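Colleague: I'm passing along input-v1.cif; it holds mmCIF, C-alpha atoms.
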```cif
data_run
#
loop_
_atom_site.label_atom_id
_atom_site.label_comp_id
_atom_site.auth_asym_id
_atom_site.auth_seq_id
_atom_site.Cartn_x
_atom_site.Cartn_y
_atom_site.Cartn_z
CA MET F 1 45.12 -56.96 27.20
CA ILE F 2 45.08 -60.76 27.46
CA ILE F 3 41.97 -62.92 27.51
CA PRO F 4 42.30 -66.70 27.91
CA ALA F 5 39.39 -68.53 26.29
CA TYR F 6 38.36 -72.16 26.59
CA ASN F 7 34.93 -73.21 25.26
CA GLU F 8 33.45 -69.72 25.54
CA GLN F 9 31.30 -69.71 22.40
CA LEU F 10 28.25 -68.41 24.29
CA GLY F 11 29.85 -65.23 25.58
CA ILE F 12 33.15 -64.40 23.93
CA VAL F 13 31.84 -62.15 21.12
CA PRO F 14 29.74 -59.81 23.36
CA VAL F 15 32.66 -59.56 25.79
CA LEU F 16 35.07 -58.59 23.02
CA GLU F 17 32.66 -56.06 21.53
CA HIS F 18 32.15 -54.50 24.97
CA LEU F 19 35.90 -54.34 25.59
CA GLN F 20 36.57 -52.74 22.22
CA ARG F 21 33.97 -50.03 22.88
CA ILE F 22 35.50 -49.33 26.29
CA LEU F 23 39.08 -49.15 25.03
CA ASP F 24 38.19 -47.11 21.95
CA GLY F 25 36.35 -44.68 24.21
CA ALA F 26 39.40 -44.39 26.45
CA ARG F 27 41.40 -43.18 23.42
CA CYS F 28 44.44 -45.21 24.38
CA GLU F 29 46.82 -47.39 22.43
CA TYR F 30 46.01 -51.04 23.05
CA GLU F 31 46.01 -54.57 21.72
CA ILE F 32 43.65 -57.41 22.63
CA ILE F 33 45.32 -60.80 22.67
CA VAL F 34 42.92 -63.71 22.90
CA VAL F 35 44.49 -67.09 23.60
CA ASN F 36 42.18 -69.87 22.43
CA ASP F 37 43.27 -72.63 24.78
CA GLY F 38 42.34 -75.69 22.73
CA SER F 39 38.59 -75.06 22.69
CA THR F 40 36.46 -77.94 21.41
CA ASP F 41 33.36 -75.84 20.64
CA ASP F 42 32.98 -72.95 18.17
CA THR F 43 35.12 -70.51 20.18
CA GLY F 44 37.99 -70.71 17.71
CA LYS F 45 35.72 -70.22 14.70
CA LEU F 46 34.14 -67.13 16.25
CA LEU F 47 37.52 -65.67 17.18
CA ARG F 48 39.04 -66.22 13.74
CA SER F 49 36.35 -64.04 12.19
CA HIS F 50 36.33 -61.35 14.87
CA PRO F 51 38.02 -58.07 13.83
CA GLY F 52 40.51 -56.06 15.84
CA ILE F 53 42.02 -58.81 17.98
CA ARG F 54 45.25 -60.75 17.94
CA LEU F 55 44.46 -64.46 18.15
CA ILE F 56 46.90 -67.09 19.42
CA GLU F 57 45.75 -70.71 19.47
CA HIS F 58 46.89 -73.67 21.54
CA ARG F 59 46.34 -76.96 19.71
CA ARG F 60 45.19 -78.56 22.95
CA ASN F 61 43.97 -77.33 26.31
CA LEU F 62 47.02 -76.38 28.39
CA GLY F 63 45.33 -74.51 31.21
CA TYR F 64 44.33 -71.02 32.28
CA GLY F 65 47.80 -70.10 33.52
CA ALA F 66 49.44 -71.48 30.39
CA ALA F 67 47.16 -69.33 28.22
CA LEU F 68 48.05 -66.23 30.25
CA LYS F 69 51.77 -66.99 29.96
CA THR F 70 51.47 -67.36 26.19
CA GLY F 71 49.77 -63.98 26.05
CA ILE F 72 52.33 -62.32 28.30
CA ARG F 73 55.23 -63.62 26.21
CA ASN F 74 53.62 -62.20 23.07
CA ALA F 75 52.47 -58.86 24.51
CA GLN F 76 53.86 -55.65 23.06
CA HIS F 77 53.04 -53.13 25.79
CA SER F 78 54.60 -52.53 29.20
CA LEU F 79 51.28 -52.71 31.06
CA ILE F 80 49.17 -55.85 30.75
CA VAL F 81 45.50 -56.24 31.62
CA ILE F 82 43.97 -59.67 32.12
CA THR F 83 40.26 -60.43 32.29
CA ASP F 84 38.01 -63.43 31.73
CA ALA F 85 36.08 -64.30 28.58
CA ASP F 86 32.75 -64.87 30.32
CA GLY F 87 31.76 -61.30 31.23
CA THR F 88 31.73 -61.78 35.01
CA TYR F 89 34.09 -58.87 35.66
CA PRO F 90 33.17 -55.16 35.28
CA ASN F 91 35.44 -54.49 32.33
CA GLU F 92 34.24 -50.89 32.15
CA ARG F 93 36.54 -50.31 35.14
CA ILE F 94 39.65 -51.22 33.13
CA PRO F 95 40.70 -47.64 32.17
CA GLU F 96 40.52 -46.69 35.85
CA LEU F 97 42.61 -49.69 36.90
CA VAL F 98 45.20 -48.90 34.21
CA ALA F 99 45.50 -45.33 35.49
CA ILE F 100 46.18 -46.62 39.01
CA ALA F 101 48.75 -49.10 37.65
CA THR F 102 51.05 -46.28 36.59
CA GLN F 103 51.88 -45.81 40.28
CA VAL F 104 52.24 -49.46 41.42
CA ASP F 105 53.46 -52.82 40.12
CA MET F 106 50.08 -54.57 40.07
CA VAL F 107 46.45 -53.53 40.49
CA VAL F 108 43.99 -56.24 41.51
CA GLY F 109 40.29 -55.76 40.90
CA ALA F 110 39.25 -56.93 44.36
CA ARG F 111 35.78 -58.50 44.49
CA ILE F 112 34.74 -56.62 47.61
CA GLY F 113 32.47 -54.04 45.98
CA ALA F 114 28.85 -53.33 46.83
CA ASN F 115 27.52 -55.90 44.34
CA VAL F 116 29.43 -59.18 44.57
CA ARG F 117 27.81 -62.55 43.92
CA TYR F 118 29.56 -65.90 43.61
CA SER F 119 29.03 -69.49 44.64
CA LYS F 120 28.94 -70.17 48.39
CA ILE F 121 30.76 -73.48 47.87
CA ARG F 122 33.89 -71.50 46.97
CA ARG F 123 34.00 -69.61 50.26
CA ILE F 124 35.32 -72.36 52.56
CA PRO F 125 38.43 -73.41 50.57
CA LYS F 126 38.99 -69.78 49.63
CA TRP F 127 39.00 -68.79 53.32
CA PHE F 128 41.76 -71.32 54.08
CA LEU F 129 43.76 -70.33 51.02
CA VAL F 130 43.57 -66.59 51.71
CA ASN F 131 44.58 -67.04 55.34
CA PHE F 132 47.50 -69.25 54.34
CA ALA F 133 48.64 -66.67 51.77
CA GLN F 134 48.31 -63.85 54.31
CA TRP F 135 50.41 -65.88 56.76
CA LEU F 136 53.09 -66.41 54.10
CA THR F 137 53.21 -62.79 53.00
CA ARG F 138 52.35 -61.11 56.34
CA THR F 139 50.02 -58.92 54.32
CA LYS F 140 46.26 -58.36 54.26
CA ILE F 141 44.92 -59.71 50.94
CA PRO F 142 41.37 -58.56 50.11
CA ASP F 143 41.19 -60.75 46.97
CA LEU F 144 43.80 -63.39 46.27
CA ASN F 145 42.78 -64.78 42.89
CA SER F 146 40.81 -62.14 41.02
CA GLY F 147 41.02 -62.59 37.26
CA LEU F 148 40.79 -58.85 36.55
CA ARG F 149 44.11 -57.17 37.15
CA VAL F 150 46.77 -54.94 35.62
CA PHE F 151 50.49 -55.52 36.03
CA ARG F 152 53.84 -54.51 34.66
CA ARG F 153 55.02 -57.00 32.06
CA ASN F 154 58.71 -56.77 33.00
CA VAL F 155 57.90 -57.63 36.62
CA VAL F 156 55.70 -60.65 35.92
CA GLU F 157 58.15 -61.98 33.32
CA ARG F 158 60.59 -62.59 36.17
CA PHE F 159 58.22 -65.20 37.61
CA LEU F 160 56.92 -66.91 34.47
CA ASN F 161 59.09 -70.00 34.83
CA ILE F 162 57.73 -70.76 38.29
CA LEU F 163 54.08 -69.80 37.77
CA PRO F 164 51.63 -72.69 37.26
CA ASP F 165 49.67 -73.48 34.11
CA THR F 166 46.46 -73.91 36.12
CA PHE F 167 43.86 -71.59 37.66
CA SER F 168 46.23 -71.01 40.58
CA PHE F 169 48.25 -68.66 38.32
CA THR F 170 46.59 -65.57 39.78
CA THR F 171 46.96 -66.80 43.35
CA SER F 172 50.63 -67.58 42.78
CA ILE F 173 51.51 -64.26 41.13
CA THR F 174 49.86 -62.38 43.99
CA VAL F 175 51.92 -64.25 46.57
CA ALA F 176 55.13 -64.04 44.51
CA MET F 177 54.89 -60.29 44.10
CA LEU F 178 54.04 -59.65 47.75
CA MET F 179 56.89 -61.85 48.98
CA ASN F 180 59.30 -59.95 46.75
CA ASN F 181 58.12 -56.56 48.04
CA TYR F 182 56.41 -55.35 44.89
CA MET F 183 53.65 -52.78 45.26
CA VAL F 184 50.18 -54.34 44.91
CA HIS F 185 47.03 -52.21 45.06
CA TYR F 186 43.54 -53.67 45.60
CA GLU F 187 40.71 -51.70 44.00
CA PRO F 188 37.16 -52.73 44.99
CA ILE F 189 35.01 -53.98 42.10
CA ASP F 190 31.65 -55.70 41.63
CA TYR F 191 31.45 -59.30 40.46
CA HIS F 192 28.70 -61.56 39.12
CA MET F 193 28.47 -65.32 38.80
CA ARG F 194 29.01 -66.98 35.45
CA GLY F 195 25.96 -67.27 33.30
CA GLY F 196 25.13 -70.09 30.90
CA GLN F 197 28.13 -72.36 31.27
CA LYS F 198 29.39 -74.23 34.29
CA ALA F 199 32.28 -72.56 36.08
CA LYS F 200 35.65 -74.13 35.27
CA LEU F 201 37.27 -73.28 38.61
CA LYS F 202 37.37 -76.18 41.08
CA PRO F 203 37.86 -74.55 44.52
CA ILE F 204 39.15 -77.53 46.54
CA ARG F 205 41.31 -78.94 43.75
CA ASP F 206 42.87 -75.59 42.92
CA THR F 207 43.49 -74.80 46.59
CA LEU F 208 45.41 -78.06 46.97
CA ARG F 209 47.36 -77.38 43.77
CA PHE F 210 48.45 -73.96 45.03
CA CYS F 211 49.61 -75.41 48.36
CA ALA F 212 51.62 -78.05 46.48
CA ASN F 213 53.44 -75.46 44.33
#
```
How would this structure read if it were set down as structure tokens?

Modeller:
Amino acid sequence: MIIPAYNEQLGIVPVLEHLQRILDGARCEYEIIVVNDGSTDDTGKLLRSHPGIRLIEHRRNLGYGAALKTGIRNAQHSLIVITDADGTYPNERIPELVAIATQVDMVVGARIGANVRYSKIRRIPKWFLVNFAQWLTRTKIPDLNSGLRVFRRNVVERFLNILPDTFSFTTSITVAMLMNNYMVHYEPIDYHMRGGQKAKLKPIRDTLRFCAN
């Protein structure tokens, strides 16, 4: 499991404790890699004292995608789970998503469940981006850039050199895998808006960055 973290001092510890309870309960072999992406708050301090994780630190902020790529390159297992550090995703669904991933190349936790809440300002640029991606791939895409997903490490490693260091990492890997005929499964999940801190995703900026890639 890989968790990128940038200035997440308010939520990172509860998220990690929740994840560890879930994974211990699943009775599976796992590792939790947290990539501290140059945080300027107390995120690094909290992570250095947290037991049961593998911490990798960037000296400066390189970006969400860069943090994920660092984690992927250092991962030991064939299946990789990614999730966010802010607790917006239903991480209790991870064992279920991992089970599905044994039959496909990537499982996306698609934010189309019964309880989904996120900022309305993200819907307009997201609509254009999803439709553009569906046109490129000729495939229906229920959720293009979900940050909760499971994929095969050896498949994603083939694309690491072309994947961006920004938030468009998840968008780009979805499109790359679909265009190369890999099997992608979308599993409906719930989703809640970030609490406490301001969201780091910039919808219009990140849409333009993806189109420029």

Colleague: Given the PyMOL selection byres ((chain F and resi 41) around 10) and the file above, list the residues it selects as number ranges by chain.

Modeller: F: 6-10, 38-40, 42-46

Colleague: Take the PyMOL selection byres ((chain F and resi 179-195) around 6), apply it to the structure above, and return the hits as a VMD selection string.

Modeller: chain F and resid 88 to 89 104 to 113 115 to 118 137 176 to 178 196 to 197

Colleague: Near stretch 51-53 of chain F, counting all atoms listed in the file, which residues have an atom at most 8 Å away, once you skip same-chain residues fewer than 3 positions from it, shown as a PyMOL selection string?

Modeller: chain F and resi 31-34

Colleague: In terms of the shortest atom-to-atom distance over only C-alpha atoms, which of F:Ser168, F:Asn154, F:Asn91, F:Gln76 is closest to F:Lys126?

Modeller: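 Counting only C-alpha atoms, the residue closest to F:Lys126 is F:Ser168.
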
Colleague: Can you tell me how far atom CA of F:Leu148 sits from atom CA of F:Leu55, in Å to one decimal?

Modeller: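 Value for the atom CA of F:Leu148-atom CA of F:Leu55 distance: 19.6 Å.
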
Colleague: Counting only C-alpha atoms, figure out which residue out of F:Val156, F:Leu68, F:Val175, F:Val98 gets nearest to F:Arg138.

Modeller: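 Closest residue, counting only C-alpha atoms: F:Val175.
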
Colleague: Under the PyMOL selection byres ((chain F and resi 170) around 9), which residues of this model are included? Write them out as a list in words.

Modeller: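 For this structure, the PyMOL selection byres ((chain F and resi 170) around 9) captures Gly65, Leu144, Asn145, Ser146, Gly147, Leu163, Phe167, Ser168, Phe169, Thr171, Ser172, Ile173, Thr174 and Val175 of chain F.
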
Colleague: Between F:Ile82, F:Ala133, F:Leu19, F:Ile72, which one has atoms that come closest to F:Ile3, using all atoms listed in the file?

Modeller: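 The shortest atom-to-atom distance to F:Ile3 comes from F:Ile82.
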
Colleague: Could you please determine the separation between atom CA of F:Val13 and atom CA of F:Arg48 in Å, to one decimal place?

Modeller: 11.1 Å

Colleague: Between atom CA of F:Pro4 and atom CA of F:Asp165, what is the spacing in Å?

Modeller: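 The value is 11.8 Å.
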